[in-house]
Each structure stands twice: as C-alpha cells, then as structure tokens.
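**Student:** Take a look at upload.tsv, TSV, C-alpha atoms:
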chain	number	residue	atom	x	y	z
A	590	MET	CA	-204.98	-65.92	32.07
A	591	ALA	CA	-201.49	-64.49	32.58
A	592	GLU	CA	-199.90	-62.99	29.51
A	593	GLN	CA	-197.11	-65.14	28.12
A	594	GLN	CA	-193.72	-63.46	28.19
A	595	PRO	CA	-192.57	-62.81	24.61
A	596	THR	CA	-188.93	-63.39	25.50
A	597	VAL	CA	-189.49	-67.07	26.39
A	598	PRO	CA	-189.04	-69.26	23.29
A	599	SER	CA	-191.21	-72.32	22.81
A	600	ARG	CA	-189.04	-75.28	23.71
A	601	ARG	CA	-191.16	-77.50	21.50
A	602	LEU	CA	-190.08	-75.24	18.63
A	603	VAL	CA	-186.48	-75.46	19.79
A	604	LEU	CA	-186.67	-79.25	19.81
A	605	GLY	CA	-188.62	-79.53	16.58
A	606	GLY	CA	-185.79	-80.24	14.17
A	607	SER	CA	-182.23	-79.46	13.24
A	608	ALA	CA	-182.44	-76.13	15.07
A	609	ALA	CA	-182.09	-78.09	18.30
A	610	ALA	CA	-178.34	-78.42	17.90
A	611	ALA	CA	-177.88	-74.70	17.31
A	612	LEU	CA	-180.13	-73.54	20.12
A	613	SER	CA	-179.39	-76.16	22.75
A	614	GLY	CA	-176.36	-74.28	24.06
A	615	ALA	CA	-178.46	-71.16	24.63
A	616	LEU	CA	-180.66	-73.09	27.04
A	617	VAL	CA	-177.89	-74.15	29.41
A	618	GLY	CA	-178.51	-72.63	32.84
A	619	PHE	CA	-181.51	-70.61	31.67
A	620	GLY	CA	-183.20	-69.47	34.88
A	621	ALA	CA	-180.51	-71.17	36.96
A	622	GLY	CA	-180.15	-68.10	39.13
A	623	ARG	CA	-183.52	-68.83	40.68
A	624	LEU	CA	-182.64	-72.37	41.69
A	625	ASP	CA	-182.15	-73.02	45.37
A	626	ALA	CA	-178.82	-74.22	46.65
A	627	PRO	CA	-178.71	-78.02	46.59
A	628	ALA	CA	-179.97	-79.63	49.75
A	629	SER	CA	-177.76	-82.12	51.53
A	630	ALA	CA	-178.54	-85.64	50.39
A	631	ALA	CA	-179.79	-87.95	53.09
A	632	GLU	CA	-177.65	-90.97	53.84
A	633	PRO	CA	-179.06	-94.05	52.12
A	634	GLY	CA	-181.59	-95.60	54.49
A	635	GLN	CA	-182.10	-92.40	56.47
A	636	GLU	CA	-185.38	-90.58	56.09
A	637	PRO	CA	-185.25	-86.77	55.93
A	638	ALA	CA	-187.85	-84.56	57.52
A	639	GLU	CA	-191.29	-84.94	55.96
A	640	ALA	CA	-191.40	-81.40	54.61
A	641	ALA	CA	-187.77	-81.30	53.47
A	642	ALA	CA	-186.71	-80.42	49.95
A	643	LEU	CA	-184.38	-82.97	48.41
A	644	GLY	CA	-182.75	-80.49	46.05
A	645	PRO	CA	-182.12	-81.21	42.36
A	646	TYR	CA	-178.36	-81.73	42.27
A	647	GLY	CA	-176.01	-84.51	43.22
A	648	ALA	CA	-173.96	-87.44	41.91
A	649	TYR	CA	-177.18	-89.45	41.65
A	650	GLN	CA	-180.67	-88.43	40.65
A	651	ARG	CA	-183.18	-87.96	43.45
A	652	GLY	CA	-185.93	-90.52	44.00
A	653	ILE	CA	-183.56	-93.49	44.08
A	654	LEU	CA	-181.70	-93.98	47.36
A	655	GLU	CA	-184.20	-92.11	49.53
A	656	GLU	CA	-186.87	-93.95	51.47
A	657	PRO	CA	-190.05	-93.95	49.33
A	658	GLN	CA	-192.30	-90.91	49.45
A	659	THR	CA	-196.03	-91.35	50.05
A	660	HIS	CA	-197.02	-91.04	46.39
A	661	GLY	CA	-195.36	-92.25	43.21
A	662	ILE	CA	-196.24	-91.76	39.54
A	663	PHE	CA	-194.53	-93.52	36.65
A	664	LEU	CA	-194.92	-91.76	33.31
A	665	GLY	CA	-193.87	-93.79	30.28
A	666	LEU	CA	-193.45	-91.98	26.97
A	667	ASP	CA	-192.51	-92.89	23.41
A	668	ILE	CA	-190.33	-90.23	21.79
A	669	ARG	CA	-191.30	-88.86	18.39
A	670	TRP	CA	-188.00	-89.35	16.64
A	671	PRO	CA	-186.98	-87.34	13.56
A	672	LYS	CA	-186.68	-89.46	10.43
A	673	ALA	CA	-183.07	-88.45	9.90
A	674	LYS	CA	-180.78	-90.56	12.07
A	675	ASP	CA	-178.25	-87.75	12.49
A	676	GLU	CA	-180.96	-85.56	14.08
A	677	ARG	CA	-181.99	-88.11	16.69
A	678	ARG	CA	-178.95	-87.55	18.88
A	679	ASP	CA	-179.67	-83.82	18.97
A	680	ARG	CA	-183.32	-84.48	19.73
A	681	LEU	CA	-182.44	-86.72	22.68
A	682	ARG	CA	-179.84	-84.31	24.08
A	683	SER	CA	-182.22	-81.36	23.91
A	684	LEU	CA	-185.13	-83.35	25.31
A	685	LEU	CA	-183.05	-84.41	28.33
A	686	ARG	CA	-181.85	-80.82	28.79
A	687	MET	CA	-185.45	-79.66	28.93
A	688	LEU	CA	-186.43	-82.40	31.37
A	689	GLY	CA	-183.45	-81.62	33.57
A	690	GLU	CA	-184.27	-77.92	33.66
A	691	ASP	CA	-187.90	-78.63	34.47
A	692	ALA	CA	-186.94	-81.12	37.20
A	693	ALA	CA	-184.42	-78.71	38.75
A	694	ARG	CA	-186.91	-75.87	38.88
A	695	LEU	CA	-189.76	-77.99	40.23
A	696	MET	CA	-187.63	-79.64	42.91
A	697	SER	CA	-186.45	-76.16	43.93
A	698	GLY	CA	-190.00	-74.85	44.33
A	699	ASP	CA	-190.13	-72.85	41.10
A	700	GLY	CA	-192.55	-73.36	38.27
A	701	VAL	CA	-191.27	-74.45	34.88
A	702	LEU	CA	-190.68	-71.81	32.23
A	703	ALA	CA	-193.98	-70.18	31.21
A	704	ASP	CA	-195.72	-72.11	34.01
A	705	SER	CA	-199.42	-71.23	34.09
A	706	GLU	CA	-199.71	-72.23	37.78
A	707	PRO	CA	-196.32	-71.43	39.37
A	708	GLU	CA	-198.01	-71.02	42.76
A	709	MET	CA	-198.58	-74.79	42.85
A	710	ALA	CA	-194.88	-75.55	42.57
A	711	SER	CA	-193.43	-76.49	45.94
A	712	ALA	CA	-190.15	-78.01	47.04
A	713	ARG	CA	-191.67	-79.35	50.24
A	714	GLY	CA	-192.83	-82.92	50.53
A	715	ARG	CA	-189.56	-84.42	49.22
A	716	LEU	CA	-190.54	-83.96	45.59
A	717	SER	CA	-188.30	-85.93	43.26
A	718	ILE	CA	-188.25	-86.35	39.49
A	719	THR	CA	-186.15	-89.20	38.10
A	720	VAL	CA	-185.49	-89.86	34.40
A	721	GLY	CA	-184.51	-93.05	32.59
A	722	LEU	CA	-184.23	-94.35	29.03
A	723	SER	CA	-184.82	-97.61	27.23
A	724	ARG	CA	-181.89	-99.31	25.53
A	725	ASP	CA	-183.06	-98.20	22.09
A	726	ALA	CA	-183.50	-94.59	23.19
A	727	ALA	CA	-180.11	-94.49	24.90
A	728	ALA	CA	-178.53	-95.92	21.74
A	729	GLN	CA	-179.43	-92.71	19.87
A	730	ALA	CA	-176.73	-90.93	21.89
A	731	LYS	CA	-174.07	-93.10	20.22
A	732	SER	CA	-172.13	-93.22	23.49
A	733	THR	CA	-169.76	-95.72	25.07
A	734	ALA	CA	-172.29	-96.66	27.77
A	735	ASP	CA	-172.77	-100.38	28.37
A	736	LEU	CA	-176.20	-100.77	26.79
A	737	SER	CA	-176.06	-104.55	27.20
A	738	MET	CA	-177.23	-103.94	30.77
A	739	LEU	CA	-180.44	-102.49	29.33
A	740	GLU	CA	-181.35	-105.43	27.10
A	741	PRO	CA	-185.07	-106.32	27.21
A	742	LEU	CA	-186.12	-108.63	30.00
A	743	PRO	CA	-186.70	-112.27	29.09
A	744	GLU	CA	-190.14	-113.84	29.18
A	745	PHE	CA	-191.13	-115.23	32.57
A	746	SER	CA	-193.55	-118.04	33.24
A	747	GLY	CA	-197.03	-116.79	34.11
A	748	ASP	CA	-196.59	-113.29	32.67
A	749	LYS	CA	-199.67	-111.81	31.02
A	750	LEU	CA	-198.15	-108.58	29.82
A	751	GLU	CA	-200.29	-105.83	28.34
A	752	PRO	CA	-198.68	-103.55	25.70
A	753	ARG	CA	-200.11	-100.44	27.34
A	754	TYR	CA	-197.91	-101.12	30.39
A	755	GLY	CA	-194.90	-102.24	28.36
A	756	GLN	CA	-191.52	-100.81	27.49
A	757	ALA	CA	-191.44	-97.07	26.76
A	758	ASP	CA	-188.61	-94.98	25.31
A	759	LEU	CA	-188.56	-92.60	28.25
A	760	LEU	CA	-189.57	-93.04	31.88
A	761	VAL	CA	-190.14	-90.17	34.29
A	762	GLN	CA	-190.72	-91.13	37.91
A	763	PHE	CA	-192.45	-88.50	40.07
A	764	CYS	CA	-192.48	-89.03	43.84
A	765	GLY	CA	-193.50	-86.86	46.75
A	766	ASP	CA	-195.37	-86.53	50.02
A	767	ASP	CA	-197.42	-83.52	48.86
A	768	PRO	CA	-199.98	-84.73	46.28
A	769	THR	CA	-200.75	-81.20	45.08
A	770	ALA	CA	-197.14	-80.37	44.25
A	771	LEU	CA	-196.77	-83.82	42.71
A	772	ALA	CA	-199.83	-83.40	40.46
A	773	HIS	CA	-198.59	-79.99	39.34
A	774	ALA	CA	-195.12	-81.35	38.52
A	775	LEU	CA	-196.64	-84.16	36.46
A	776	ARG	CA	-198.89	-81.81	34.52
A	777	ALA	CA	-196.13	-79.26	33.92
A	778	VAL	CA	-193.76	-81.88	32.50
A	779	ARG	CA	-196.48	-83.51	30.39
A	780	LYS	CA	-197.45	-80.17	28.87
A	781	ASN	CA	-193.86	-79.44	27.91
A	782	LEU	CA	-193.55	-82.83	26.24
A	783	THR	CA	-196.63	-82.34	24.06
A	784	GLY	CA	-195.70	-82.92	20.45
A	785	LEU	CA	-192.31	-84.39	21.39
A	786	ALA	CA	-193.50	-87.66	22.87
A	787	THR	CA	-196.68	-89.68	23.24
A	788	VAL	CA	-197.81	-91.11	26.56
A	789	ARG	CA	-197.73	-94.91	26.75
A	790	PHE	CA	-198.76	-95.13	30.42
A	791	GLU	CA	-199.31	-93.11	33.55
A	792	GLN	CA	-199.34	-95.32	36.63
A	793	HIS	CA	-200.13	-93.91	40.08
A	794	GLY	CA	-199.18	-95.56	43.36
A	795	PHE	CA	-199.08	-94.89	47.09
A	796	THR	CA	-197.49	-96.17	50.25
A	797	THR	CA	-197.51	-95.49	53.98
A	798	PRO	CA	-196.89	-91.82	54.90
A	799	PRO	CA	-193.52	-91.01	56.49
A	800	GLY	CA	-193.40	-91.68	60.22
A	801	GLN	CA	-196.57	-93.80	60.21
A	802	ALA	CA	-195.15	-97.14	59.11
A	803	GLU	CA	-195.02	-100.06	61.55
A	804	HIS	CA	-191.49	-100.82	60.37
A	805	PRO	CA	-189.01	-98.06	59.47
A	806	HIS	CA	-188.16	-99.65	56.11
A	807	ALA	CA	-191.35	-101.46	55.11
A	808	PHE	CA	-194.98	-100.78	54.23
A	809	ARG	CA	-198.21	-102.77	54.19
A	810	ASN	CA	-199.07	-103.88	50.67
A	811	LEU	CA	-202.69	-104.55	49.72
A	812	PHE	CA	-202.39	-108.20	50.79
A	813	GLY	CA	-201.74	-106.86	54.29
A	814	GLN	CA	-198.13	-108.00	54.27
A	815	LEU	CA	-195.18	-105.91	55.41
A	816	ASP	CA	-193.23	-105.34	52.20
A	817	GLY	CA	-189.58	-104.31	52.00
A	818	ILE	CA	-188.21	-105.58	55.33
A	819	ALA	CA	-185.22	-107.29	53.67
A	820	ASN	CA	-184.22	-104.27	51.58
A	821	PRO	CA	-180.54	-103.26	51.75
A	822	ARG	CA	-179.74	-100.23	53.86
A	823	THR	CA	-177.11	-97.50	54.12
A	824	THR	CA	-173.93	-98.25	52.15
A	825	ALA	CA	-175.16	-101.71	51.11
A	826	ARG	CA	-178.05	-100.03	49.32
A	827	GLU	CA	-175.79	-97.61	47.47
A	828	GLY	CA	-173.48	-100.42	46.40
A	829	ALA	CA	-176.31	-102.63	45.15
A	830	VAL	CA	-177.82	-99.77	43.16
A	831	PHE	CA	-174.74	-98.08	41.66
A	832	GLY	CA	-171.98	-100.65	42.01
A	833	HIS	CA	-168.62	-100.80	43.76
A	834	GLY	CA	-165.27	-99.63	42.42
A	835	ASP	CA	-164.76	-100.90	38.90
A	836	GLU	CA	-168.15	-102.63	38.92
A	837	GLN	CA	-170.24	-99.67	37.82
A	838	SER	CA	-173.70	-99.76	36.33
A	839	TRP	CA	-174.42	-99.04	32.65
A	840	LEU	CA	-173.18	-95.47	33.13
A	841	PRO	CA	-171.13	-94.16	36.11
A	842	GLY	CA	-173.56	-92.57	38.55
A	843	GLY	CA	-176.48	-94.26	36.80
A	844	THR	CA	-178.44	-97.37	37.67
A	845	VAL	CA	-180.95	-99.80	36.18
A	846	LEU	CA	-184.64	-99.70	37.05
A	847	VAL	CA	-187.01	-102.58	36.45
A	848	LEU	CA	-190.67	-101.59	36.62
A	849	ARG	CA	-193.30	-104.31	36.87
A	850	ARG	CA	-197.05	-103.95	37.28
A	851	ILE	CA	-198.40	-106.79	39.44
A	852	ARG	CA	-202.14	-107.32	39.70
A	853	MET	CA	-203.36	-108.80	43.01
A	854	ASP	CA	-206.45	-110.99	43.27
A	855	LEU	CA	-207.73	-109.57	46.56
A	856	GLU	CA	-211.04	-111.46	46.43
A	857	ARG	CA	-209.35	-114.86	46.29
A	858	TRP	CA	-206.80	-113.75	48.86
A	859	ASP	CA	-209.64	-112.97	51.24
A	860	GLU	CA	-210.51	-116.69	51.19
A	861	VAL	CA	-207.11	-117.72	52.59
A	862	ASP	CA	-206.78	-118.15	56.36
A	863	ARG	CA	-203.94	-116.57	58.32
A	864	PRO	CA	-201.74	-119.72	58.55
A	865	GLY	CA	-202.08	-120.21	54.80
A	866	ARG	CA	-201.06	-116.63	54.13
A	867	ASP	CA	-198.03	-116.90	56.41
A	868	PHE	CA	-197.02	-120.22	54.81
A	869	ALA	CA	-197.15	-118.81	51.27
A	870	LEU	CA	-195.08	-115.73	52.12
A	871	GLY	CA	-192.76	-117.26	54.72
A	872	ARG	CA	-193.41	-114.35	57.09
A	873	ARG	CA	-196.15	-113.65	59.59
A	874	GLN	CA	-198.70	-111.15	58.35
A	875	SER	CA	-199.14	-109.85	61.90
A	876	ASP	CA	-195.70	-108.30	62.30
A	877	GLY	CA	-193.58	-109.36	59.31
A	878	SER	CA	-191.34	-111.71	61.29
A	879	PRO	CA	-190.00	-114.72	59.34
A	880	LEU	CA	-191.38	-118.12	60.27
A	881	SER	CA	-187.81	-119.00	61.26
A	882	GLY	CA	-187.64	-116.15	63.82
A	883	GLN	CA	-189.59	-113.94	66.16
A	884	HIS	CA	-188.86	-110.37	65.03
A	885	PRO	CA	-189.24	-108.66	61.64
A	886	ASP	CA	-185.50	-108.07	61.27
A	887	ASP	CA	-184.51	-111.64	62.15
A	888	PRO	CA	-182.75	-113.34	59.22
A	889	VAL	CA	-184.67	-115.70	56.95
A	890	ASP	CA	-183.15	-119.03	57.99
A	891	LEU	CA	-184.00	-121.68	55.42
A	892	SER	CA	-182.36	-124.39	57.53
A	893	ALA	CA	-184.63	-123.79	60.55
A	894	THR	CA	-187.14	-126.54	61.40
A	895	THR	CA	-190.34	-126.83	63.41
A	896	GLU	CA	-190.86	-129.03	66.45
A	897	LEU	CA	-191.92	-131.78	64.05
A	898	GLY	CA	-188.67	-131.51	62.14
A	899	LEU	CA	-190.27	-129.91	59.09
A	900	PRO	CA	-188.82	-126.81	57.41
A	901	ALA	CA	-190.01	-123.66	59.19
A	902	ILE	CA	-190.12	-121.91	55.82
A	903	ALA	CA	-191.33	-123.92	52.84
A	904	GLY	CA	-189.02	-124.17	49.85
A	905	ASN	CA	-191.61	-122.50	47.61
A	906	ALA	CA	-192.43	-119.69	50.07
A	907	HIS	CA	-191.93	-116.25	48.57
A	908	VAL	CA	-189.11	-115.24	50.93
A	909	ALA	CA	-187.25	-118.51	50.32
A	910	LEU	CA	-187.13	-117.92	46.57
A	911	ALA	CA	-186.60	-114.15	46.76
A	912	LYS	CA	-183.65	-114.43	49.15
A	913	PRO	CA	-180.43	-113.60	47.28
A	914	VAL	CA	-178.36	-116.65	46.46
A	915	GLN	CA	-175.33	-114.42	45.89
A	916	ALA	CA	-174.50	-110.78	46.51
A	917	THR	CA	-175.14	-109.76	42.89
A	918	GLU	CA	-178.85	-110.57	43.36
A	919	THR	CA	-179.31	-107.77	45.90
A	920	MET	CA	-181.82	-105.13	44.77
A	921	TRP	CA	-183.30	-101.99	46.30
A	922	ARG	CA	-187.07	-102.38	46.02
A	923	ARG	CA	-189.04	-99.14	46.02
A	924	GLY	CA	-192.61	-100.22	45.35
A	925	PHE	CA	-196.02	-98.55	45.53
A	926	SER	CA	-199.50	-100.03	45.86
A	927	TYR	CA	-202.12	-99.03	43.33
A	928	THR	CA	-205.88	-99.12	42.85
A	929	ASP	CA	-207.34	-98.59	39.40
A	930	GLY	CA	-211.10	-99.07	39.20
A	931	ASP	CA	-211.79	-102.64	40.27
A	932	GLU	CA	-208.11	-103.60	39.92
A	933	SER	CA	-205.53	-103.43	42.68
A	934	GLY	CA	-201.91	-104.39	42.94
A	935	LEU	CA	-198.29	-103.35	43.26
A	936	LEU	CA	-196.06	-101.15	41.11
A	937	PHE	CA	-192.86	-103.07	41.74
A	938	ALA	CA	-189.88	-100.81	41.09
A	939	CYS	CA	-186.41	-102.15	41.83
A	940	PHE	CA	-183.03	-100.52	41.31
A	941	GLN	CA	-179.84	-102.48	40.77
A	942	ARG	CA	-176.47	-102.24	39.09
A	943	ASP	CA	-177.29	-104.91	36.51
A	944	ALA	CA	-180.72	-106.55	36.14
A	945	ARG	CA	-179.20	-109.56	34.39
A	946	THR	CA	-177.49	-110.61	37.62
A	947	ALA	CA	-180.04	-109.22	40.09
A	948	PHE	CA	-183.69	-109.09	39.04
A	949	VAL	CA	-183.65	-111.75	36.30
A	950	PRO	CA	-182.37	-114.76	38.31
A	951	VAL	CA	-184.60	-113.93	41.26
A	952	GLN	CA	-187.67	-113.49	39.07
A	953	ARG	CA	-186.97	-116.75	37.25
A	954	ARG	CA	-187.14	-118.61	40.57
A	955	LEU	CA	-190.27	-116.78	41.65
A	956	ALA	CA	-192.02	-117.29	38.31
A	957	ALA	CA	-191.29	-121.01	38.39
A	958	SER	CA	-192.63	-121.94	41.81
A	959	ASP	CA	-193.53	-119.03	44.13
A	960	ALA	CA	-196.48	-120.02	46.31
A	961	MET	CA	-197.82	-116.47	45.89
A	962	ASN	CA	-198.25	-116.90	42.12
A	963	GLN	CA	-201.81	-118.15	42.45
A	964	TRP	CA	-202.88	-114.70	43.66
A	965	ILE	CA	-200.73	-112.39	41.50
A	966	THR	CA	-200.31	-111.69	37.77
A	967	HIS	CA	-197.57	-109.61	36.15
A	968	THR	CA	-199.25	-107.37	33.55
A	969	GLY	CA	-196.63	-104.70	32.86
A	970	SER	CA	-192.86	-104.73	32.42
A	971	GLY	CA	-190.00	-102.45	31.40
A	972	ILE	CA	-186.32	-101.83	32.01
A	973	TYR	CA	-184.69	-98.40	32.03
A	974	GLY	CA	-181.23	-96.94	32.31
A	975	ILE	CA	-181.53	-94.28	34.99
A	976	LEU	CA	-179.22	-91.38	34.19
A	977	PRO	CA	-176.58	-89.99	36.58
A	978	GLY	CA	-177.31	-86.90	38.63
A	979	MET	CA	-176.88	-83.39	37.33
A	980	SER	CA	-175.39	-80.10	38.47
A	981	GLN	CA	-175.67	-76.47	37.47
A	982	GLU	CA	-172.67	-77.08	35.20
A	983	ALA	CA	-173.70	-80.47	33.78
A	984	GLN	CA	-177.14	-81.07	32.28
A	985	LEU	CA	-179.17	-84.22	32.79
A	986	GLY	CA	-177.67	-86.97	30.65
A	987	ALA	CA	-174.41	-85.11	29.95
A	988	ALA	CA	-172.33	-88.24	30.60
A	989	LEU	CA	-174.32	-90.13	27.99
A	990	PHE	CA	-173.08	-87.78	25.27
A	991	ALA	CA	-169.47	-87.61	26.39
A	992	GLU	CA	-167.13	-88.26	23.47
Using structure tokens, write down the structure from this file.

**Tutor:**
Amino acid sequence: MAEQQPTVPSRRLVLGGSAAAALSGALVGFGAGRLDAPASAAEPGQEPAEAAALGPYGAYQRGILEEPQTHGIFLGLDIRWPKAKDERRDRLRSLLRMLGEDAARLMSGDGVLADSEPEMASARGRLSITVGLSRDAAAQAKSTADLSMLEPLPEFSGDKLEPRYGQADLLVQFCGDDPTALAHALRAVRKNLTGLATVRFEQHGFTTPPGQAEHPHAFRNLFGQLDGIANPRTTAREGAVFGHGDEQSWLPGGTVLVLRRIRMDLERWDEVDRPGRDFALGRRQSDGSPLSGQHPDDPVDLSATTELGLPAIAGNAHVALAKPVQATETMWRRGFSYTDGDESGLLFACFQRDARTAFVPVQRRLAASDAMNQWITHTGSGIYGILPGMSQEAQLGAALFAE
C-alpha cells in the first residue's frame, strides 16, 4: 500500500465542523495545476469522439447536454448536517468544493487527492460527473435562488414509490463509456464522502454504445422500443434545459433534473403481439416510425387517420399523451435501462428549466391514461437542482452562495 503523503489534510476532518469555514479558502485550486485545459464542449445534439475527454469546466456541468454515454450511475446521498443551523451553510459550501475538486480531477484523468488507485483514473470515455441538490439541501445556502422550482413532485396515479429510491439531499450522476474509469470515479467519490453523507441509493444503468445505435438520438429500451426519438436537439435542447433570456432555471446556468425509476414487466410484455405493442406506444417497434408516418423522424400527427377513418394513433397511446401541448413541456430525456436481479426497467432522467411546467403536466396525462401503464410501475422519484458549471476561478456551487 502506498504511503499516504503527510502534507495532504483529511478533507473529512476539514468538513467536520466549524473549522470548515476557516479552512475552505485554503482548498481553492489545490492541485489545479495538474488539471488539463478544458476541452471544447460539443454542440448540443452533436456526439464527440468516443474516446474524447469532456473536460471539467464550462458554463454548464458536463453530463447534461451531451448525448448519453454508454453507462450511467445515479448516487443519492443524505448529508449529515451539523446540529447548529449556522454551520450548515459552511458544511454545504465545503462539501460542494470537495465534490467539484474531485470531479475536475477525475474528468481530467487525475486521481482524487490521496487516491489509492490513481492509475485507474482516465479522462477518456467521455467521463462526466454532475451534481445536484434537493430543495431542502439548497435552502441551507440561504441564497436568492428560486427554490420553488425544486418543490417536491406531486403524487401521480399508479405510483408505488419505495423510500430507498426516493428523494435524497445530494445527487451525483456519473456517466461514461469506459466502465473501469467510471467505477473508479464512483468509488473515489464515495470514499471521500464517508462520514459526511449516507448513501440512500446507487442505481446503475446502460444504453447503446456510441456509434452503434440504429437512430442517432435514440436507443432500444428493454421493451424493444426506440426511446428518445422526439428529444429536442441543438439549440432547442439548450433552451429547454436552461431557459431563454429572462426565463432562466432555478439558478442561472443550472437546470432541474427529475429522476424516476420505472420497473418494466417484461414477462407480461412478452405476451403482447407486435400490433398491440405498436398501438400502445403509437410507434412501430421495428423502426420507431410513428403510426401516422413512415420514418422515425416523421412528426407525430394526432389528426392522421387510417383507411377506415379511425385515428392512426390512439388518444391513449404513449406518444399522444407525451407529446408537448405547449413549448414549456419540452424536456431533454437522458434515460438508461437497468437490470437488478430479476427486475428490469428504465432510469428515466429528464432535464428541464422548470419541472412544474414540463415534467409534471406531461406525467399527469401519462399517469391518468397511458396505454403503457399496464406494463410499467414507477417505484422511485426525486427532483434536483443541478448546479451551474464551474471554472478554475469559481468552485462548484459558487453562484448558490453569492450574496
């Protein structure tokens, strides 16, 4: 075992109490000289080279606008808050500083401070680490951020939510194409959070590897359907996620993530014939084309009829109910399939400026009458304020603490 360097202080000690405020300034930029220069951000909707490094810095955090990586892990943690209210703000600021430093080093190919396996750190494979907070956690910063956008989601018909997949104080999303580098990043961050937070959940997902998908913006979910065809692209994606002009999200440069765990009943789905599957979704399983068109990217036309004069897409088909009624309902869905023992499903992650005007109205319609409901069950749910990006001068979450 490598000898630990005596000059490296324990960050758990630094964050342990009132000393956090005094020592937090000393940690700014520690090791920053080893960080790579920030990589150019890909245009929203464009996929960078498979082995590219995303780089840690930018106006937005990585792992949001980019096309999904092959593997995704959602780590939900509950922060161990000090009893004294005046110490909680310092605890949150220092915790985010530590997470930001770890994320910057890992996304640059360096190990975290005192990393026991720095050789496993790699910037290849589009590694991204994205951090968000619950409304209650963000409130400890006592900032002017619009926390009303982070209010808990309402109850939806048919939900069977399990507390172990419920709302956490802190969410860290790990994504990447290299599973080894991804596993190392997860372990490194978890080790550094020991004693500061308890793990509520760790959910692992996967999707189609880059360059192997049948559609450039969609993947096959475990029902065999092409998922994500109607996602916004390029500038429309950026606007839906972060807002336009004066219509910003909860924090400028931040966004809102809704994470839902959806269990799929694959055995009962196997009993449904192909026409029944297409009818329930409103798209053909074969190529993802809507029943109102012939190609995957054809618009979903709810006024189209069959030769018999019947609606081509049923009113309770999934795509009919999920189609935005107004522009504010547009979301960027970045989901991952999962298998967990004898359970399979979808980790549905969607980013939007404001979930109250995007996810909530769409999910209300789906919960009420979606034809797919007989094969799916929502078992986990949470909403998080994703923080703005960071730079070498501004730590993760700096805007949250601006006076």

**Student:** How far is it from CA of Asp943 in chain A to CA of Val845 in chain A, in Å with one decimal?

**Tutor:**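 Atom-to-atom, CA of Asp943 in chain A to CA of Val845 in chain A, that is 6.3 Å.
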
**Student:** Which residues, written as a list of chain:residue names, have at least one atom at most 12 Å from Gly700 in chain A, with all atoms listed in the file counted and residues fewer than 3 positions away on the same chain left out?

**Tutor:** A:Gly620, A:Arg623, A:Leu624, A:Glu690, A:Asp691, A:Ala692, A:Ala693, A:Arg694, A:Leu695, A:Met696, A:Ser697, A:Ala703, A:Asp704, A:Ser705, A:Glu706, A:Pro707, A:Glu708, A:Met709, A:Ala710, A:Ser711, A:Ala712, A:Ala770, A:His773, A:Ala774, A:Leu775, A:Arg776, A:Ala777, A:Val778

**Student:** Can you report as AutoDock Vina command-line options the centre and edge lengths in Å, to one decimal, of an axis-aligned box around the listed atoms of range 824-837 of chain A padded with 5 Å on each side?

**Tutor:**
--center_x -171.4 --center_y -100.1 --center_z 45.0 --size_x 23.3 --size_y 15.0 --size_z 24.3

**Student:** Report the distance between CA of Gly747 in chain A and CA of His907 in chain A in Å, rounded to one decimal place.

**Tutor:**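 For CA of Gly747 in chain A relative to CA of His907 in chain A, the distance reads 15.3 Å.
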
**Student:** Identify which of the residues A:Arg715, A:Asp854, A:Ala726, A:Gly904 lies closest to Arg682 in chain A, counting only C-alpha atoms when measuring atom-to-atom distances.

**Tutor:** A:Ala726

**Student:** Which of these, A:Ser926, A:Ser881, A:Gly865, A:Gly755, has the shortest distance to Glu896 in chain A once you count all atoms listed in the file?

**Tutor:**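 Under the stated criterion, the closest residue is A:Ser881.
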
**Student:** Just checking: using only C-alpha atoms, which residue out of A:Ala903, A:Ala987, A:Ala960, A:Val847 ends up closest to Phe937 in chain A?

**Tutor:**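 The answer is A:Val847, which sits nearest to Phe937 in chain A.
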
**Student:** Just how far from CA of Leu935 in chain A is CA of His660 in chain A, in Å to one decimal?

**Tutor:**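 Between these atoms lies a distance of 12.8 Å.
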
**Student:** Find the residues around Ala734 in chain A up to 10 Å (all atoms listed in the file counted), leave out those fewer than 5 positions away in its own chain, and share them as a PyMOL selection string.

**Tutor:** chain A and resi 727-728+838-841+988-991

**Student:** Please return as a list in words every residue within 10 Å of (-176.0, -93.6, 37.0), taking into account only C-alpha atoms and the file's own coordinates.

**Tutor:**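 Residues with an atom at most 10 Å from (-176.0, -93.6, 37.0): Ala648, Tyr649, Gln650, Gly721, Val830, Phe831, Gly832, Gln837, Ser838, Trp839, Leu840, Pro841, Gly842, Gly843, Thr844, Val845, Arg942, Gly974, Ile975, Leu976, Pro977, Gly978, Gly986, Ala988 and Leu989 of chain A.
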
**Student:** Which residue out of A:Ala957, A:Thr928, A:Leu848, A:Asp667 has the minimum interatomic distance to Leu782 in chain A when only C-alpha atoms are used?

**Tutor:**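 Among A:Ala957, A:Thr928, A:Leu848, A:Asp667, it is A:Asp667 that comes nearest to Leu782 in chain A.
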
**Student:** Find the residues near Asp859 in chain A: any atom within 12 Å, counting all atoms listed in the file, skip ones fewer than 4 places away on the same chain, and give them as a PyMOL selection string.

**Tutor:** chain A and resi 811-813+853-855+863+865-866+964

**Student:** Contacts of Ala901 in chain A at 12 Å or less, counting only C-alpha atoms, minus same-chain residues fewer than 3 places along, as a ChimeraX atom specification?

**Tutor:** /A:867-873,879-883,889-898,904-906,908-909

**Student:** I need the residue nearest Leu936 in chain A from this list: A:Thr968, A:Gln729, A:Ser746, A:Thr769. Use all atoms listed in the file for the distance.

**Tutor:**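 Among the listed residues, the smallest separation from Leu936 in chain A belongs to A:Thr968.
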
**Student:** Got a sec to write range 905-919 of chain A of the block to a file, C-alpha atoms, as a compact mmCIF listing (two decimals), in the first residue's frame?

**Tutor:**
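See out37.txt below for the written result:
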# COMPACT_ATOMS: atom_id res chain seq x y z
CA ASN A 905 -54.27 6.98 -25.06
CA ALA A 906 -51.12 5.90 -26.92
CA HIS A 907 -47.94 6.86 -25.11
CA VAL A 908 -46.70 9.26 -27.80
CA ALA A 909 -50.09 11.01 -27.98
CA LEU A 910 -50.03 11.83 -24.27
CA ALA A 911 -46.29 12.54 -24.06
CA LYS A 912 -46.34 14.99 -26.97
CA PRO A 913 -45.88 18.54 -25.65
CA VAL A 914 -49.10 20.54 -25.64
CA GLN A 915 -47.07 23.75 -25.35
CA ALA A 916 -43.41 24.67 -25.63
CA THR A 917 -42.89 24.75 -21.86
CA GLU A 918 -43.49 20.98 -21.73
CA THR A 919 -40.35 20.24 -23.74
